[in-house]
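Visitor: Here you go, this is model.pdb (PDB, C-alpha atoms).
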```pdb
ATOM      1  CA  GLY A   1     164.683 104.791 -68.045  1.00  0.00           C
ATOM      2  CA  ALA A   2     165.213 108.238 -66.616  1.00  0.00           C
ATOM      3  CA  VAL A   3     168.612 108.949 -65.093  1.00  0.00           C
ATOM      4  CA  VAL A   4     169.642 111.345 -62.373  1.00  0.00           C
ATOM      5  CA  SER A   5     173.294 112.100 -61.856  1.00  0.00           C
ATOM      6  CA  GLN A   6     175.112 113.713 -58.970  1.00  0.00           C
ATOM      7  CA  HIS A   7     178.481 115.346 -58.875  1.00  0.00           C
ATOM      8  CA  PRO A   8     180.776 114.876 -57.118  1.00  0.00           C
ATOM      9  CA  SER A   9     180.266 111.355 -55.839  1.00  0.00           C
ATOM     10  CA  ARG A  10     182.623 111.972 -52.963  1.00  0.00           C
ATOM     11  CA  VAL A  11     184.110 115.127 -51.473  1.00  0.00           C
ATOM     12  CA  ILE A  12     186.389 115.788 -48.544  1.00  0.00           C
ATOM     13  CA  CYS A  13     186.771 119.347 -47.337  1.00  0.00           C
ATOM     14  CA  LYS A  14     188.130 121.321 -44.445  1.00  0.00           C
ATOM     15  CA  SER A  15     185.894 122.749 -41.777  1.00  0.00           C
ATOM     16  CA  GLY A  16     184.677 126.227 -42.678  1.00  0.00           C
ATOM     17  CA  THR A  17     184.698 125.774 -46.431  1.00  0.00           C
ATOM     18  CA  SER A  18     181.673 125.577 -48.708  1.00  0.00           C
ATOM     19  CA  VAL A  19     180.830 122.626 -50.891  1.00  0.00           C
ATOM     20  CA  LYS A  20     178.524 122.530 -53.905  1.00  0.00           C
ATOM     21  CA  ILE A  21     176.747 119.365 -54.991  1.00  0.00           C
ATOM     22  CA  GLU A  22     175.042 119.133 -58.375  1.00  0.00           C
ATOM     23  CA  CYS A  23     171.993 117.086 -59.254  1.00  0.00           C
ATOM     24  CA  ARG A  24     171.073 116.665 -62.913  1.00  0.00           C
ATOM     25  CA  SER A  25     168.207 114.965 -64.668  1.00  0.00           C
ATOM     26  CA  LEU A  26     169.910 113.637 -67.775  1.00  0.00           C
ATOM     27  CA  ASP A  27     167.078 112.768 -70.114  1.00  0.00           C
ATOM     28  CA  PHE A  28     164.012 114.430 -68.684  1.00  0.00           C
ATOM     29  CA  GLN A  29     162.987 117.751 -67.246  1.00  0.00           C
ATOM     30  CA  ALA A  30     162.315 118.208 -63.571  1.00  0.00           C
ATOM     31  CA  THR A  31     160.563 121.288 -62.248  1.00  0.00           C
ATOM     32  CA  THR A  32     160.841 119.759 -58.791  1.00  0.00           C
ATOM     33  CA  MET A  33     163.742 117.951 -57.227  1.00  0.00           C
ATOM     34  CA  PHE A  34     164.259 116.736 -53.688  1.00  0.00           C
ATOM     35  CA  TRP A  35     167.321 116.702 -51.478  1.00  0.00           C
ATOM     36  CA  TYR A  36     167.725 114.030 -48.824  1.00  0.00           C
ATOM     37  CA  ARG A  37     170.313 113.469 -46.173  1.00  0.00           C
ATOM     38  CA  GLN A  38     171.307 110.078 -44.831  1.00  0.00           C
ATOM     39  CA  PHE A  39     173.464 109.514 -41.782  1.00  0.00           C
ATOM     40  CA  PRO A  40     175.306 106.198 -41.449  1.00  0.00           C
ATOM     41  CA  LYS A  41     172.978 103.286 -40.857  1.00  0.00           C
ATOM     42  CA  GLN A  42     169.951 105.585 -40.837  1.00  0.00           C
ATOM     43  CA  SER A  43     167.099 106.392 -43.134  1.00  0.00           C
ATOM     44  CA  LEU A  44     166.801 109.163 -45.659  1.00  0.00           C
ATOM     45  CA  MET A  45     165.488 112.415 -44.283  1.00  0.00           C
ATOM     46  CA  LEU A  46     164.045 114.985 -46.629  1.00  0.00           C
ATOM     47  CA  MET A  47     165.873 118.288 -46.353  1.00  0.00           C
ATOM     48  CA  ALA A  48     164.178 120.423 -48.952  1.00  0.00           C
ATOM     49  CA  THR A  49     162.153 120.607 -52.116  1.00  0.00           C
ATOM     50  CA  SER A  50     163.912 122.375 -54.953  1.00  0.00           C
ATOM     51  CA  ASN A  51     161.625 124.302 -57.285  1.00  0.00           C
ATOM     52  CA  GLU A  52     162.732 125.513 -60.694  1.00  0.00           C
ATOM     53  CA  GLY A  53     162.489 129.268 -60.937  1.00  0.00           C
ATOM     54  CA  SER A  54     161.485 129.841 -57.331  1.00  0.00           C
ATOM     55  CA  LYS A  55     162.720 129.436 -53.792  1.00  0.00           C
ATOM     56  CA  ALA A  56     163.283 126.050 -52.272  1.00  0.00           C
ATOM     57  CA  THR A  57     160.981 124.767 -49.565  1.00  0.00           C
ATOM     58  CA  TYR A  58     162.851 123.555 -46.502  1.00  0.00           C
ATOM     59  CA  GLU A  59     161.708 120.967 -44.021  1.00  0.00           C
ATOM     60  CA  GLN A  60     161.378 121.894 -40.395  1.00  0.00           C
ATOM     61  CA  GLY A  61     164.708 122.063 -38.639  1.00  0.00           C
ATOM     62  CA  VAL A  62     166.811 122.472 -41.786  1.00  0.00           C
ATOM     63  CA  GLU A  63     168.814 125.691 -41.855  1.00  0.00           C
ATOM     64  CA  LYS A  64     168.142 127.397 -45.156  1.00  0.00           C
ATOM     65  CA  ASP A  65     171.152 129.668 -44.793  1.00  0.00           C
ATOM     66  CA  LYS A  66     173.415 126.690 -44.303  1.00  0.00           C
ATOM     67  CA  PHE A  67     172.037 124.526 -47.086  1.00  0.00           C
ATOM     68  CA  LEU A  68     171.557 126.769 -50.100  1.00  0.00           C
ATOM     69  CA  ILE A  69     169.537 125.314 -52.922  1.00  0.00           C
ATOM     70  CA  ASN A  70     169.375 126.708 -56.418  1.00  0.00           C
ATOM     71  CA  HIS A  71     167.265 125.186 -59.161  1.00  0.00           C
ATOM     72  CA  ALA A  72     168.742 127.051 -62.074  1.00  0.00           C
ATOM     73  CA  SER A  73     167.196 125.104 -64.922  1.00  0.00           C
ATOM     74  CA  LEU A  74     164.784 122.287 -65.660  1.00  0.00           C
ATOM     75  CA  THR A  75     167.619 119.776 -65.423  1.00  0.00           C
ATOM     76  CA  LEU A  76     169.869 121.107 -62.678  1.00  0.00           C
ATOM     77  CA  SER A  77     169.570 121.669 -58.953  1.00  0.00           C
ATOM     78  CA  THR A  78     172.497 122.480 -56.708  1.00  0.00           C
ATOM     79  CA  LEU A  79     172.941 122.124 -52.968  1.00  0.00           C
ATOM     80  CA  THR A  80     175.648 124.231 -51.356  1.00  0.00           C
ATOM     81  CA  VAL A  81     176.702 123.385 -47.842  1.00  0.00           C
ATOM     82  CA  THR A  82     178.069 126.661 -46.524  1.00  0.00           C
ATOM     83  CA  SER A  83     180.734 126.866 -43.824  1.00  0.00           C
ATOM     84  CA  ALA A  84     180.726 123.119 -43.499  1.00  0.00           C
ATOM     85  CA  HIS A  85     181.497 121.500 -40.163  1.00  0.00           C
ATOM     86  CA  PRO A  86     182.168 117.865 -39.224  1.00  0.00           C
ATOM     87  CA  GLU A  87     178.547 117.378 -38.191  1.00  0.00           C
ATOM     88  CA  ASP A  88     177.538 118.098 -41.797  1.00  0.00           C
ATOM     89  CA  SER A  89     179.361 114.963 -42.906  1.00  0.00           C
ATOM     90  CA  SER A  90     176.719 112.757 -44.433  1.00  0.00           C
ATOM     91  CA  PHE A  91     175.439 111.098 -47.582  1.00  0.00           C
ATOM     92  CA  TYR A  92     173.383 113.516 -49.671  1.00  0.00           C
ATOM     93  CA  ILE A  93     170.965 112.129 -52.243  1.00  0.00           C
ATOM     94  CA  CYS A  94     168.772 113.961 -54.699  1.00  0.00           C
ATOM     95  CA  SER A  95     165.717 112.726 -56.545  1.00  0.00           C
ATOM     96  CA  ALA A  96     163.437 113.928 -59.292  1.00  0.00           C
ATOM     97  CA  PRO A  97     159.909 112.828 -60.162  1.00  0.00           C
ATOM     98  CA  GLY A  98     159.519 111.396 -63.624  1.00  0.00           C
ATOM     99  CA  THR A  99     157.153 112.709 -66.216  1.00  0.00           C
ATOM    100  CA  PRO A 100     153.514 111.693 -66.085  1.00  0.00           C
ATOM    101  CA  ALA A 101     154.265 108.973 -68.607  1.00  0.00           C
ATOM    102  CA  ILE A 102     156.457 107.293 -66.016  1.00  0.00           C
ATOM    103  CA  TYR A 103     153.584 107.670 -63.583  1.00  0.00           C
ATOM    104  CA  ASN A 104     155.053 109.366 -60.600  1.00  0.00           C
ATOM    105  CA  GLU A 105     158.117 107.222 -60.206  1.00  0.00           C
ATOM    106  CA  GLN A 106     160.992 109.103 -58.662  1.00  0.00           C
ATOM    107  CA  PHE A 107     164.519 108.698 -59.826  1.00  0.00           C
ATOM    108  CA  PHE A 108     167.367 108.934 -57.406  1.00  0.00           C
ATOM    109  CA  GLY A 109     170.890 110.093 -57.943  1.00  0.00           C
ATOM    110  CA  PRO A 110     173.737 107.860 -56.787  1.00  0.00           C
ATOM    111  CA  GLY A 111     174.481 110.129 -53.828  1.00  0.00           C
ATOM    112  CA  THR A 112     177.356 112.316 -52.685  1.00  0.00           C
ATOM    113  CA  ARG A 113     179.451 111.363 -49.694  1.00  0.00           C
ATOM    114  CA  LEU A 114     180.564 114.525 -47.871  1.00  0.00           C
ATOM    115  CA  THR A 115     183.309 114.312 -45.282  1.00  0.00           C
ATOM    116  CA  VAL A 116     184.225 117.460 -43.386  1.00  0.00           C
ATOM    117  CA  LEU A 117     187.526 117.340 -41.555  1.00  0.00           C
TER     118      LEU A 117
ATOM    119  CA  ALA B   1     151.431 113.833 -41.817  1.00  0.00           C
ATOM    120  CA  GLN B   2     152.269 110.461 -43.238  1.00  0.00           C
ATOM    121  CA  SER B   3     154.655 108.081 -41.513  1.00  0.00           C
ATOM    122  CA  VAL B   4     156.204 104.709 -42.213  1.00  0.00           C
ATOM    123  CA  THR B   5     157.237 102.045 -39.741  1.00  0.00           C
ATOM    124  CA  GLN B   6     159.572  99.194 -40.488  1.00  0.00           C
ATOM    125  CA  PRO B   7     159.540  97.141 -37.289  1.00  0.00           C
ATOM    126  CA  ASP B   8     162.573  95.022 -38.104  1.00  0.00           C
ATOM    127  CA  ILE B   9     165.915  96.794 -38.017  1.00  0.00           C
ATOM    128  CA  HIS B  10     167.940  93.739 -39.023  1.00  0.00           C
ATOM    129  CA  ILE B  11     166.916  90.392 -40.476  1.00  0.00           C
ATOM    130  CA  THR B  12     169.142  87.425 -41.199  1.00  0.00           C
ATOM    131  CA  VAL B  13     168.052  84.621 -43.492  1.00  0.00           C
ATOM    132  CA  SER B  14     169.759  81.693 -45.143  1.00  0.00           C
ATOM    133  CA  GLU B  15     170.229  81.663 -48.867  1.00  0.00           C
ATOM    134  CA  GLY B  16     167.275  79.972 -50.497  1.00  0.00           C
ATOM    135  CA  ALA B  17     164.928  80.739 -47.635  1.00  0.00           C
ATOM    136  CA  SER B  18     161.841  82.864 -48.022  1.00  0.00           C
ATOM    137  CA  LEU B  19     161.771  86.477 -46.922  1.00  0.00           C
ATOM    138  CA  GLU B  20     159.183  88.904 -45.666  1.00  0.00           C
ATOM    139  CA  LEU B  21     160.002  92.486 -44.713  1.00  0.00           C
ATOM    140  CA  ARG B  22     157.305  94.363 -42.863  1.00  0.00           C
ATOM    141  CA  CYS B  23     156.100  97.866 -43.523  1.00  0.00           C
ATOM    142  CA  ASN B  24     153.226  99.750 -41.913  1.00  0.00           C
ATOM    143  CA  TYR B  25     152.141 103.203 -42.938  1.00  0.00           C
ATOM    144  CA  SER B  26     150.021 105.936 -41.501  1.00  0.00           C
ATOM    145  CA  TYR B  27     148.200 108.168 -43.926  1.00  0.00           C
ATOM    146  CA  GLY B  28     144.662 109.480 -44.166  1.00  0.00           C
ATOM    147  CA  ALA B  29     144.016 108.699 -47.797  1.00  0.00           C
ATOM    148  CA  THR B  30     145.118 105.980 -50.152  1.00  0.00           C
ATOM    149  CA  PRO B  31     148.875 106.229 -50.205  1.00  0.00           C
ATOM    150  CA  TYR B  32     151.351 105.706 -52.952  1.00  0.00           C
ATOM    151  CA  LEU B  33     153.731 103.059 -51.620  1.00  0.00           C
ATOM    152  CA  PHE B  34     157.221 102.068 -52.640  1.00  0.00           C
ATOM    153  CA  TRP B  35     159.977  99.662 -51.746  1.00  0.00           C
ATOM    154  CA  TYR B  36     163.576 100.648 -52.447  1.00  0.00           C
ATOM    155  CA  VAL B  37     166.831  98.773 -52.022  1.00  0.00           C
ATOM    156  CA  GLN B  38     170.169 100.351 -51.223  1.00  0.00           C
ATOM    157  CA  SER B  39     173.533  98.652 -51.391  1.00  0.00           C
ATOM    158  CA  PRO B  40     176.324 100.074 -49.203  1.00  0.00           C
ATOM    159  CA  GLY B  41     177.408 103.520 -50.343  1.00  0.00           C
ATOM    160  CA  GLN B  42     174.991 103.493 -53.243  1.00  0.00           C
ATOM    161  CA  GLY B  43     171.827 105.307 -54.223  1.00  0.00           C
ATOM    162  CA  LEU B  44     168.364 103.824 -54.177  1.00  0.00           C
ATOM    163  CA  GLN B  45     166.896 101.362 -56.615  1.00  0.00           C
ATOM    164  CA  LEU B  46     163.149 101.007 -56.950  1.00  0.00           C
ATOM    165  CA  LEU B  47     161.941  97.450 -56.388  1.00  0.00           C
ATOM    166  CA  LEU B  48     158.221  98.006 -56.820  1.00  0.00           C
ATOM    167  CA  LYS B  49     155.400 100.438 -56.283  1.00  0.00           C
ATOM    168  CA  TYR B  50     151.689 100.491 -55.547  1.00  0.00           C
ATOM    169  CA  PHE B  51     149.348 103.227 -56.651  1.00  0.00           C
ATOM    170  CA  SER B  52     146.006 101.498 -57.141  1.00  0.00           C
ATOM    171  CA  GLY B  53     144.390  98.376 -58.554  1.00  0.00           C
ATOM    172  CA  ASP B  54     145.655  94.888 -57.859  1.00  0.00           C
ATOM    173  CA  THR B  55     146.897  94.789 -54.294  1.00  0.00           C
ATOM    174  CA  LEU B  56     149.631  92.271 -55.087  1.00  0.00           C
ATOM    175  CA  VAL B  57     152.373  93.956 -57.056  1.00  0.00           C
ATOM    176  CA  GLN B  58     155.318  92.362 -58.721  1.00  0.00           C
ATOM    177  CA  GLY B  59     158.702  94.003 -58.830  1.00  0.00           C
ATOM    178  CA  ILE B  60     162.187  93.412 -60.062  1.00  0.00           C
ATOM    179  CA  LYS B  61     164.555  90.707 -58.851  1.00  0.00           C
ATOM    180  CA  GLY B  62     161.697  88.380 -57.953  1.00  0.00           C
ATOM    181  CA  PHE B  63     160.228  90.600 -55.233  1.00  0.00           C
ATOM    182  CA  GLU B  64     156.552  91.158 -54.634  1.00  0.00           C
ATOM    183  CA  ALA B  65     154.532  93.147 -52.132  1.00  0.00           C
ATOM    184  CA  GLU B  66     150.953  93.096 -50.977  1.00  0.00           C
ATOM    185  CA  PHE B  67     148.952  96.152 -50.024  1.00  0.00           C
ATOM    186  CA  LYS B  68     146.518  95.485 -47.199  1.00  0.00           C
ATOM    187  CA  ARG B  69     144.409  98.501 -46.437  1.00  0.00           C
ATOM    188  CA  SER B  70     142.804  96.959 -43.361  1.00  0.00           C
ATOM    189  CA  GLN B  71     146.215  96.443 -41.797  1.00  0.00           C
ATOM    190  CA  SER B  72     147.851  99.568 -43.225  1.00  0.00           C
ATOM    191  CA  SER B  73     150.620  97.328 -44.419  1.00  0.00           C
ATOM    192  CA  PHE B  74     152.727  96.879 -47.519  1.00  0.00           C
ATOM    193  CA  ASN B  75     154.993  93.924 -46.804  1.00  0.00           C
ATOM    194  CA  LEU B  76     157.748  92.885 -49.177  1.00  0.00           C
ATOM    195  CA  ARG B  77     158.270  89.215 -49.971  1.00  0.00           C
ATOM    196  CA  LYS B  78     160.581  86.981 -51.907  1.00  0.00           C
ATOM    197  CA  PRO B  79     160.177  83.186 -52.082  1.00  0.00           C
ATOM    198  CA  SER B  80     163.877  82.368 -52.294  1.00  0.00           C
ATOM    199  CA  VAL B  81     166.590  84.768 -51.236  1.00  0.00           C
ATOM    200  CA  HIS B  82     169.909  85.012 -53.068  1.00  0.00           C
ATOM    201  CA  TRP B  83     173.177  86.158 -51.500  1.00  0.00           C
ATOM    202  CA  SER B  84     173.097  89.221 -53.751  1.00  0.00           C
ATOM    203  CA  ASP B  85     169.903  90.379 -52.030  1.00  0.00           C
ATOM    204  CA  ALA B  86     171.878  91.404 -48.957  1.00  0.00           C
ATOM    205  CA  ALA B  87     171.291  95.153 -48.667  1.00  0.00           C
ATOM    206  CA  GLU B  88     169.223  97.777 -46.878  1.00  0.00           C
ATOM    207  CA  TYR B  89     165.540  97.907 -47.761  1.00  0.00           C
ATOM    208  CA  PHE B  90     163.398 100.993 -47.377  1.00  0.00           C
ATOM    209  CA  CYS B  91     159.651 101.310 -47.503  1.00  0.00           C
ATOM    210  CA  ALA B  92     158.350 104.743 -48.470  1.00  0.00           C
ATOM    211  CA  VAL B  93     155.065 106.564 -48.842  1.00  0.00           C
ATOM    212  CA  GLN B  94     154.282 109.404 -51.185  1.00  0.00           C
ATOM    213  CA  LYS B  95     151.528 111.836 -50.432  1.00  0.00           C
ATOM    214  CA  GLY B  96     150.009 112.173 -53.842  1.00  0.00           C
ATOM    215  CA  ASN B  97     150.533 112.726 -57.511  1.00  0.00           C
ATOM    216  CA  SER B  98     149.322 116.232 -58.094  1.00  0.00           C
ATOM    217  CA  GLY B  99     152.775 117.621 -58.493  1.00  0.00           C
ATOM    218  CA  GLY B 100     155.308 119.657 -56.597  1.00  0.00           C
ATOM    219  CA  SER B 101     155.761 118.836 -52.951  1.00  0.00           C
ATOM    220  CA  ASN B 102     153.172 116.053 -53.143  1.00  0.00           C
ATOM    221  CA  TYR B 103     155.849 113.931 -54.711  1.00  0.00           C
ATOM    222  CA  LYS B 104     158.101 113.985 -51.671  1.00  0.00           C
ATOM    223  CA  LEU B 105     158.705 110.659 -50.008  1.00  0.00           C
ATOM    224  CA  THR B 106     158.639 109.704 -46.361  1.00  0.00           C
ATOM    225  CA  PHE B 107     160.888 106.756 -45.656  1.00  0.00           C
ATOM    226  CA  GLY B 108     160.866 104.125 -42.985  1.00  0.00           C
ATOM    227  CA  LYS B 109     164.050 103.586 -41.005  1.00  0.00           C
ATOM    228  CA  GLY B 110     165.023 100.655 -43.154  1.00  0.00           C
ATOM    229  CA  THR B 111     165.654  96.955 -42.657  1.00  0.00           C
ATOM    230  CA  LEU B 112     169.130  95.562 -43.105  1.00  0.00           C
ATOM    231  CA  LEU B 113     169.063  92.134 -44.706  1.00  0.00           C
ATOM    232  CA  THR B 114     171.925  89.718 -44.128  1.00  0.00           C
ATOM    233  CA  VAL B 115     172.012  86.509 -46.147  1.00  0.00           C
ATOM    234  CA  ASN B 116     173.909  83.535 -44.777  1.00  0.00           C
ATOM    235  CA  PRO B 117     175.384  81.003 -47.199  1.00  0.00           C
TER     236      PRO B 117
END
```
Rewrite the structure of this file - the entire thing - as structure tokens.
Guide:
Amino acid sequence: GAVVSQHPSRVICKSGTSVKIECRSLDFQATTMFWYRQFPKQSLMLMATSNEGSKATYEQGVEKDKFLINHASLTLSTLTVTSAHPEDSSFYICSAPGTPAIYNEQFFGPGTRLTVL
Amino acid sequence: AQSVTQPDIHITVSEGASLELRCNYSYGATPYLFWYVQSPGQGLQLLLKYFSGDTLVQGIKGFEAEFKRSQSSFNLRKPSVHWSDAAEYFCAVQKGNSGGSNYKLTFGKGTLLTVNP
């Protein structure tokens, strides 16, 4: 089946630094990818829709200048958390819809655990 | 906008007992419905999905779910729970299949399943 990878799986950084998280579709192309955020013991909340070749679409309440999304190719989307602060510590998960042959199933990356000190 | 309600935050069952996890959705049209499972610190694994047709769908690991339009429900069931089923379970609804942002998922808050030996 289709595989989505994320890198890094875990990152610890100091407050004020920026962190980049990569999301790759390994064996299929994805013109759209999604970024979710999950706080401990909570559900996944959609942050933004990443669109290849155009600007990302952010959900209400998500700061686009803080969470920069770049969908540089059909297999790669990146999320950069700029000037990270402890409240940005969370589990970030990306997903990509499969091709029509896989009939709309979405494939999730394994997630990235961000800890901001 | 669509929404998903999982009324049970935490359920405890004995190994070998039957299981039913509840999910209710709110959406104007026929939704695309999913159940995912998440082990601690891991990404999401798709258990099963409903798009159309037979309202009783079979998934992996012995799970099944039944779509009931009249009750706006999509409850997950398993006849005999194994200790390895202990995890967090998320019900999700997708708006459509016409591409782009229609693929984004809205998740319920999740149900944590504990299995006693």
Visitor: Which residue out of A:Arg113, A:Lys14, A:Lys66, A:His7 has the minimum interatomic distance to chain B when all atoms listed in the file are used?
Guide: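 Closest to chain B of all the choices is A:Arg113.
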Visitor: Written as a PyMOL selection string, what is the full residue list that the ChimeraX specification (/A :<8) & /B yields on the file shown?
Guide: chain B and resi 42-45+90+97+100-101+103-110
Visitor: Show which residues sit within 12 Å of Arg69 in chain B, as a PDB file with C-alpha atoms, in the coordinates of the input. Count all atoms listed in the file, and ignore same-chain residues fewer than 2 positions away.
Guide:
```pdb
ATOM      1  CA  ASN B  24     153.226  99.750 -41.913  1.00  0.00           C
ATOM      2  CA  TYR B  25     152.141 103.203 -42.938  1.00  0.00           C
ATOM      3  CA  SER B  26     150.021 105.936 -41.501  1.00  0.00           C
ATOM      4  CA  TYR B  27     148.200 108.168 -43.926  1.00  0.00           C
ATOM      5  CA  GLY B  28     144.662 109.480 -44.166  1.00  0.00           C
ATOM      6  CA  ALA B  29     144.016 108.699 -47.797  1.00  0.00           C
ATOM      7  CA  THR B  30     145.118 105.980 -50.152  1.00  0.00           C
ATOM      8  CA  PRO B  31     148.875 106.229 -50.205  1.00  0.00           C
ATOM      9  CA  TYR B  32     151.351 105.706 -52.952  1.00  0.00           C
ATOM     10  CA  LEU B  33     153.731 103.059 -51.620  1.00  0.00           C
ATOM     11  CA  TYR B  50     151.689 100.491 -55.547  1.00  0.00           C
ATOM     12  CA  SER B  52     146.006 101.498 -57.141  1.00  0.00           C
ATOM     13  CA  THR B  55     146.897  94.789 -54.294  1.00  0.00           C
ATOM     14  CA  LEU B  56     149.631  92.271 -55.087  1.00  0.00           C
ATOM     15  CA  GLU B  66     150.953  93.096 -50.977  1.00  0.00           C
ATOM     16  CA  PHE B  67     148.952  96.152 -50.024  1.00  0.00           C
ATOM     17  CA  GLN B  71     146.215  96.443 -41.797  1.00  0.00           C
ATOM     18  CA  SER B  72     147.851  99.568 -43.225  1.00  0.00           C
ATOM     19  CA  SER B  73     150.620  97.328 -44.419  1.00  0.00           C
ATOM     20  CA  PHE B  74     152.727  96.879 -47.519  1.00  0.00           C
ATOM     21  CA  ASN B  75     154.993  93.924 -46.804  1.00  0.00           C
TER      22      ASN B  75
END
```
Visitor: May I ask for the distance between CA of Phe34 in chain B and CA of Ala87 in chain B, given in Å to one decimal place?
Guide: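 Here the two named atoms are 16.2 Å from each other.
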Visitor: Write out as a PyMOL selection string which residues come within 7 Å of Phe63 in chain B when counting only C-alpha atoms, dropping same-chain ones fewer than 5 positions away.
Guide: chain B and resi 58+76-78
Visitor: Write out as a list in words each polymer residue whose atoms come within 7 Å of range 71-84 of chain A, counting all atoms listed in the file; drop sequence neighbours fewer than 6 positions from it.
Guide: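 Contacts, with the query itself left out: Ser15, Gly16, Thr17, Ser18, Val19, Lys20, Ile21, Glu22, Cys23, Arg24, Ser25, Leu26, Gln29, Ala30, Thr31, Ser50, Asn51, Glu52, Gly53 and Val116 of chain A.
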Visitor: Selection in question (the file shown): the PyMOL selection byres ((chain B and resi 9-16) around 8). Which residues does it include, as an NGL selection string?
Guide: :B and (6-8 or 17-19 or 79-83 or 109-117)
Visitor: Can you measure CA of Val37 in chain B to CA of Met47 in chain A for me? One decimal in Å is fine.
Guide: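 Rounded to one decimal, the two atoms are 20.3 Å apart.
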Visitor: Mind giving me the straight-line distance from CA of Tyr89 in chain B to CA of Gln38 in chain B in Å, one decimal?
Guide: 6.3 Å
Visitor: Go through A:Ile69, A:Ser90, A:Phe28, A:Leu117 and flag the residue nearest Arg10 in chain A, using all atoms listed in the file for the distances.
Guide: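 Using all atoms listed in the file, the shortest distance to Arg10 in chain A belongs to A:Ser90.
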